[in-house]
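The next block holds one structure in the form of structure tokens; read it before the comments.
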Amino acid sequence: MKKALKITGKILLGILILLLAFLLVIFIYHRIMLNKEKSLLGPLGQMVEVDGHQMSIYTEGEGDRTIVIMSGSGMPSPILQYSALYRQLSDTYKIAVIEKFGYGFSDVVDGERDLDTILRQDREALQKAGIEAPYILCPHSMSGIEAILWAQKYPDEVEAIVGLDMSTPKAYTEEELKNNGKSHIDVYDFLRGSGLLRILMTDSSLPEYLDQNEKAIFKAIICRKFANKTMDNEGGTHILDAISEINSAPKPDIPTLLFLADGKQTGGQVWTDAMYDYADGLTDAQVIELDCGHMVADEKPDEIAETMRGFIAGLDK
């Protein structure tokens, strides 16, 4: 028995050594690639200084109206990840994509990320980039809360809201916001930092609407920034505070178009009911149900772009 235990111990030790050696090789390869990928990280848009750090704002197209794309939480590269949608609109409208701190080409910064701070920084970045209001805000997911807050606090700056399966005040429970997905962030942080995330990614796992150069840029950003400390400090109780602020004032009664996904990747019926509840009572609000997942701009860009064009044309009537 002792001999058998000794042999088993040696086998387990050998496996552990091989595993550690494998992780070391992956880590070294990851560090080498991070250095090589620096050439890919020249910003695609304009960099402006906000609070002493660099923030990325991308613009495309010209037109009398400006659509501001606002990223969902944790999206590594908003400029690339929403391109399937906005490229169908930039022939008619001016597009501005905000990359909050921690996202895309913007700096990773310290400190808490409450919604009032994020809103102030986003507004300042647009102004410094020369992108003037009024805006048609186009928020995805958690940015819906920021968009509603924006329209409440600065009504002259917001002409309309087009929500891409956006969050609304009743979409979350207090429990899930307090949990804030910290365990997931920790796992992704380990995968990124160790280099394992790089190994797990293949070209087929990257958005098919990107060309090869864009895929290389996207992968470089993910491997360098995904699940960083700035993203980690967003959400949670900050969203609760913002919802309380929103609920203390009337809904911004502006034209509102809400695209609603199938709910399987969000809060299911709670998420769906919350969106209809938000639309209820607004003078001009539509909810368009889509048979797709939460990344509606990826999965249904043609349908969304066509509907948006009709909606925006109706703003003049």
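Chain labels run A, B, ... following the order of the structure tokens; each chain numbers its residues from 1, and ligands are numbered from 1 in the order shown.
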
Each residue of stretch 212-271 of chain A lying at most 12 Å from stretch 185-197 of chain A should get a row with its shortest atom-to-atom pair and the distance in Å to one decimal, counting only C-alpha atoms; could you produce that, ordered by chain and increasing number, as a tab-separated table?
```
residue	atom	partner	partner_atom	distance
A:Lys219	CA	A:Leu197	CA	9.8
A:Ala220	CA	A:Arg192	CA	11.0
A:Ile221	CA	A:Arg192	CA	10.6
A:Ile222	CA	A:Arg192	CA	7.9
A:Cys223	CA	A:Arg192	CA	5.7
A:Arg224	CA	A:Arg192	CA	7.2
A:Lys225	CA	A:Arg192	CA	8.0
A:Phe226	CA	A:Arg192	CA	6.9
A:Ala227	CA	A:Asp189	CA	5.5
A:Asn228	CA	A:Asp189	CA	6.8
A:Lys229	CA	A:Asp189	CA	8.9
A:Thr230	CA	A:Ile185	CA	11.1
A:Met231	CA	A:Ile185	CA	8.8
A:Asp232	CA	A:Ile185	CA	6.7
A:Asn233	CA	A:Ile185	CA	10.3
A:Glu234	CA	A:Ile185	CA	11.3
```

Put those residues in a file: N, CA and C atoms, as a short mmCIF file (atom, residue, chain, number, x, y, z; two decimals), in the first residue's frame.
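Now in out-v7.cif:
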```
data_model
loop_
_atom_site.label_atom_id
_atom_site.label_comp_id
_atom_site.auth_asym_id
_atom_site.auth_seq_id
_atom_site.Cartn_x
_atom_site.Cartn_y
_atom_site.Cartn_z
N LYS A 219 -8.16 40.86 -31.34
CA LYS A 219 -7.52 39.87 -30.49
C LYS A 219 -6.45 40.52 -29.60
N ALA A 220 -5.70 41.47 -30.16
CA ALA A 220 -4.67 42.16 -29.39
C ALA A 220 -5.27 42.94 -28.22
N ILE A 221 -6.42 43.59 -28.47
CA ILE A 221 -7.09 44.34 -27.41
C ILE A 221 -7.61 43.41 -26.32
N ILE A 222 -8.24 42.30 -26.72
CA ILE A 222 -8.76 41.34 -25.76
C ILE A 222 -7.64 40.80 -24.87
N CYS A 223 -6.53 40.42 -25.49
CA CYS A 223 -5.43 39.81 -24.74
C CYS A 223 -4.74 40.81 -23.82
N ARG A 224 -4.90 42.08 -24.08
CA ARG A 224 -4.25 43.11 -23.26
C ARG A 224 -5.18 43.71 -22.21
N LYS A 225 -6.49 43.81 -22.53
CA LYS A 225 -7.36 44.64 -21.69
C LYS A 225 -8.60 43.96 -21.14
N PHE A 226 -8.98 42.81 -21.65
CA PHE A 226 -10.26 42.22 -21.25
C PHE A 226 -10.31 41.99 -19.75
N ALA A 227 -11.47 42.31 -19.15
CA ALA A 227 -11.70 42.12 -17.71
C ALA A 227 -10.66 42.85 -16.87
N ASN A 228 -10.37 44.10 -17.25
CA ASN A 228 -9.39 44.89 -16.50
C ASN A 228 -10.03 45.54 -15.28
N LYS A 229 -9.20 46.20 -14.48
CA LYS A 229 -9.67 46.75 -13.20
C LYS A 229 -10.70 47.87 -13.38
N THR A 230 -10.63 48.60 -14.50
CA THR A 230 -11.61 49.66 -14.74
C THR A 230 -12.99 49.06 -14.98
N MET A 231 -13.03 48.02 -15.82
CA MET A 231 -14.31 47.32 -16.03
C MET A 231 -14.82 46.72 -14.73
N ASP A 232 -13.90 46.19 -13.93
CA ASP A 232 -14.26 45.54 -12.67
C ASP A 232 -14.94 46.52 -11.71
N ASN A 233 -14.56 47.79 -11.80
CA ASN A 233 -15.10 48.80 -10.88
C ASN A 233 -16.41 49.41 -11.35
N GLU A 234 -16.93 48.95 -12.49
CA GLU A 234 -18.22 49.43 -12.98
C GLU A 234 -19.37 48.61 -12.38
#
```

Compile the contact shell of A:Gln286 as a PDB file with C-alpha atoms, in the first residue's frame: residues with an atom at most 8 Å away, counting only C-alpha atoms, same-chain residues fewer than 6 positions apart removed.
```pdb
ATOM      1  CA  THR A 256     -37.618  55.990 -27.878  1.00  0.00           C
ATOM      2  CA  LEU A 257     -37.028  52.864 -29.966  1.00  0.00           C
ATOM      3  CA  LEU A 258     -36.196  49.735 -27.982  1.00  0.00           C
ATOM      4  CA  ALA A 279     -41.834  52.165 -22.605  1.00  0.00           C
TER       5      ALA A 279
END
```

Excluding same-chain residues fewer than 4 positions from A:Thr307, what lies within 12 Å of it counting only C-alpha atoms, as a VMD selection string?
chain A and resid 85 88 to 89 162 257 to 259 286 to 290 300 to 303 311 to 314

Could you pull the residues within 9 Å of A:Gly235, counting only C-alpha atoms, minus those fewer than 2 positions along the same chain, as number ranges by chain?
A: 73, 113-115, 142, 177-178, 180, 231-233, 237-240

Please write the residues from the selection above to a file, keeping N, CA and C atoms, as a PDB file, in the first residue's frame.
```pdb
ATOM      1  N   SER A  73     -21.546  46.616 -21.027  1.00  0.00           N
ATOM      2  CA  SER A  73     -20.493  46.361 -20.045  1.00  0.00           C
ATOM      3  C   SER A  73     -19.533  45.267 -20.512  1.00  0.00           C
ATOM      4  N   ARG A 113     -16.251  53.668 -10.545  1.00  0.00           N
ATOM      5  CA  ARG A 113     -16.833  54.021 -11.836  1.00  0.00           C
ATOM      6  C   ARG A 113     -18.342  54.204 -11.689  1.00  0.00           C
ATOM      7  N   ASP A 114     -18.728  55.213 -10.901  1.00  0.00           N
ATOM      8  CA  ASP A 114     -20.154  55.482 -10.758  1.00  0.00           C
ATOM      9  C   ASP A 114     -20.683  56.106 -12.046  1.00  0.00           C
ATOM     10  N   LEU A 115     -21.976  56.028 -12.262  1.00  0.00           N
ATOM     11  CA  LEU A 115     -22.586  56.449 -13.524  1.00  0.00           C
ATOM     12  C   LEU A 115     -22.484  57.943 -13.763  1.00  0.00           C
ATOM     13  N   MET A 142     -26.023  47.532 -20.393  1.00  0.00           N
ATOM     14  CA  MET A 142     -25.963  48.352 -19.193  1.00  0.00           C
ATOM     15  C   MET A 142     -25.893  49.849 -19.473  1.00  0.00           C
ATOM     16  N   LEU A 177     -27.077  42.830  -8.703  1.00  0.00           N
ATOM     17  CA  LEU A 177     -26.213  43.997  -8.826  1.00  0.00           C
ATOM     18  C   LEU A 177     -25.162  44.036  -7.723  1.00  0.00           C
ATOM     19  N   LYS A 178     -25.537  43.594  -6.533  1.00  0.00           N
ATOM     20  CA  LYS A 178     -24.550  43.570  -5.449  1.00  0.00           C
ATOM     21  C   LYS A 178     -23.500  42.495  -5.679  1.00  0.00           C
ATOM     22  N   ASN A 180     -22.591  41.462  -8.804  1.00  0.00           N
ATOM     23  CA  ASN A 180     -21.841  42.143  -9.855  1.00  0.00           C
ATOM     24  C   ASN A 180     -20.918  41.245 -10.657  1.00  0.00           C
ATOM     25  N   MET A 231     -13.033  48.023 -15.818  1.00  0.00           N
ATOM     26  CA  MET A 231     -14.307  47.320 -16.028  1.00  0.00           C
ATOM     27  C   MET A 231     -14.820  46.719 -14.729  1.00  0.00           C
ATOM     28  N   ASP A 232     -13.899  46.186 -13.930  1.00  0.00           N
ATOM     29  CA  ASP A 232     -14.259  45.538 -12.669  1.00  0.00           C
ATOM     30  C   ASP A 232     -14.938  46.516 -11.711  1.00  0.00           C
ATOM     31  N   ASN A 233     -14.563  47.792 -11.797  1.00  0.00           N
ATOM     32  CA  ASN A 233     -15.101  48.798 -10.879  1.00  0.00           C
ATOM     33  C   ASN A 233     -16.414  49.405 -11.346  1.00  0.00           C
ATOM     34  N   THR A 237     -23.324  48.244  -7.269  1.00  0.00           N
ATOM     35  CA  THR A 237     -24.073  49.236  -6.497  1.00  0.00           C
ATOM     36  C   THR A 237     -24.117  50.589  -7.206  1.00  0.00           C
ATOM     37  N   HIS A 238     -23.175  50.843  -8.127  1.00  0.00           N
ATOM     38  CA  HIS A 238     -23.231  52.086  -8.901  1.00  0.00           C
ATOM     39  C   HIS A 238     -24.506  52.133  -9.743  1.00  0.00           C
ATOM     40  N   ILE A 239     -24.895  50.984 -10.281  1.00  0.00           N
ATOM     41  CA  ILE A 239     -26.131  50.925 -11.064  1.00  0.00           C
ATOM     42  C   ILE A 239     -27.342  51.148 -10.153  1.00  0.00           C
ATOM     43  N   LEU A 240     -27.305  50.566  -8.965  1.00  0.00           N
ATOM     44  CA  LEU A 240     -28.390  50.796  -8.001  1.00  0.00           C
ATOM     45  C   LEU A 240     -28.544  52.278  -7.687  1.00  0.00           C
TER      46      LEU A 240
END
```

If we count only C-alpha atoms, what is near A:Pro250 at a cut-off of 12 Å, once residues fewer than 2 positions away on the same chain are taken out, given as a short mmCIF file (atom, residue, chain, number, x, y, z; two decimals) with C-alpha atoms, in the first residue's frame?
```cif
data_model
loop_
_atom_site.label_atom_id
_atom_site.label_comp_id
_atom_site.auth_asym_id
_atom_site.auth_seq_id
_atom_site.Cartn_x
_atom_site.Cartn_y
_atom_site.Cartn_z
CA ILE A 148 -31.73 57.44 -19.45
CA LEU A 149 -29.75 59.43 -16.87
CA ALA A 151 -31.66 62.34 -21.14
CA GLN A 152 -33.00 63.27 -17.69
CA LYS A 153 -30.11 65.53 -16.67
CA PRO A 155 -32.53 67.00 -22.09
CA SER A 244 -32.45 55.50 -7.57
CA GLU A 245 -31.50 58.81 -9.17
CA ILE A 246 -33.54 57.99 -12.29
CA ASN A 247 -36.58 56.97 -10.24
CA SER A 248 -36.49 60.27 -8.34
CA PRO A 252 -37.41 61.53 -20.15
CA ASP A 253 -40.38 61.64 -22.53
CA ILE A 254 -38.48 61.64 -25.80
CA TYR A 278 -40.13 51.56 -19.23
CA GLY A 281 -46.38 55.94 -20.50
CA LEU A 282 -43.93 57.49 -22.95
#
```

May I ask which of the residues A:Met308, A:Ile217, A:Met295, A:Ala147 is the closest one to A:Met70, counting only C-alpha atoms?
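Result for the nearest residue to A:Met70: A:Ala147.
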
List as a ChimeraX atom specification the protein and nucleic acid residues near A:Ile69, meaning an atom at most 12 Å away when only C-alpha atoms are counted, but skip any in the same chain fewer than 6 places from it.
/A:57-60,78-83,85-87,89-90,94-100,122,126,135-141,143-144,147,161-164,166,297

Within 10 Å of A:Asp156, counting only C-alpha atoms, which residues qualify if same-chain residues fewer than 6 places away don't, as a list in words?
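Once the nearby chain positions are removed, what remains is Ala133, Pro134, Tyr135 and Trp150 of chain A.
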
Please save C-alpha atoms of the selected residues as a PDB file, in the first residue's frame.
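Contents of out-v1.pdb, as written:
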```pdb
ATOM      1  CA  ALA A 133     -25.294  67.763 -29.444  1.00  0.00           C
ATOM      2  CA  PRO A 134     -28.092  66.943 -29.889  1.00  0.00           C
ATOM      3  CA  TYR A 135     -27.461  63.207 -30.056  1.00  0.00           C
ATOM      4  CA  TRP A 150     -28.248  61.527 -19.696  1.00  0.00           C
TER       5      TRP A 150
END
```

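When DSSP reads the backbone of this structure, the residues of stretch 134-172 of chain A it assigns to strand (DSSP E) are A:Tyr135, A:Ile136, A:Leu137, A:Cys138, A:Pro139, A:Val158, A:Glu159, A:Ala160, A:Ile161, A:Val162, A:Gly163, A:Leu164.
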
Calculated over only C-alpha atoms, which of the candidates A:Ile11, A:Ile199, A:Leu41, A:Ile131 has the smallest distance to A:Phe27?
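Counting only C-alpha atoms, the residue closest to A:Phe27 is A:Ile199.
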
Please identify which residues in stretch 86-156 of chain A DSSP calls helix (DSSP H, G or I) from the backbone, and express them as a ChimeraX atom specification.
/A:86,115-128,143-153,155-156

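Going from atom CA of A:Asp91 over to atom CA of A:Glu146, you cover 27.0 Å.
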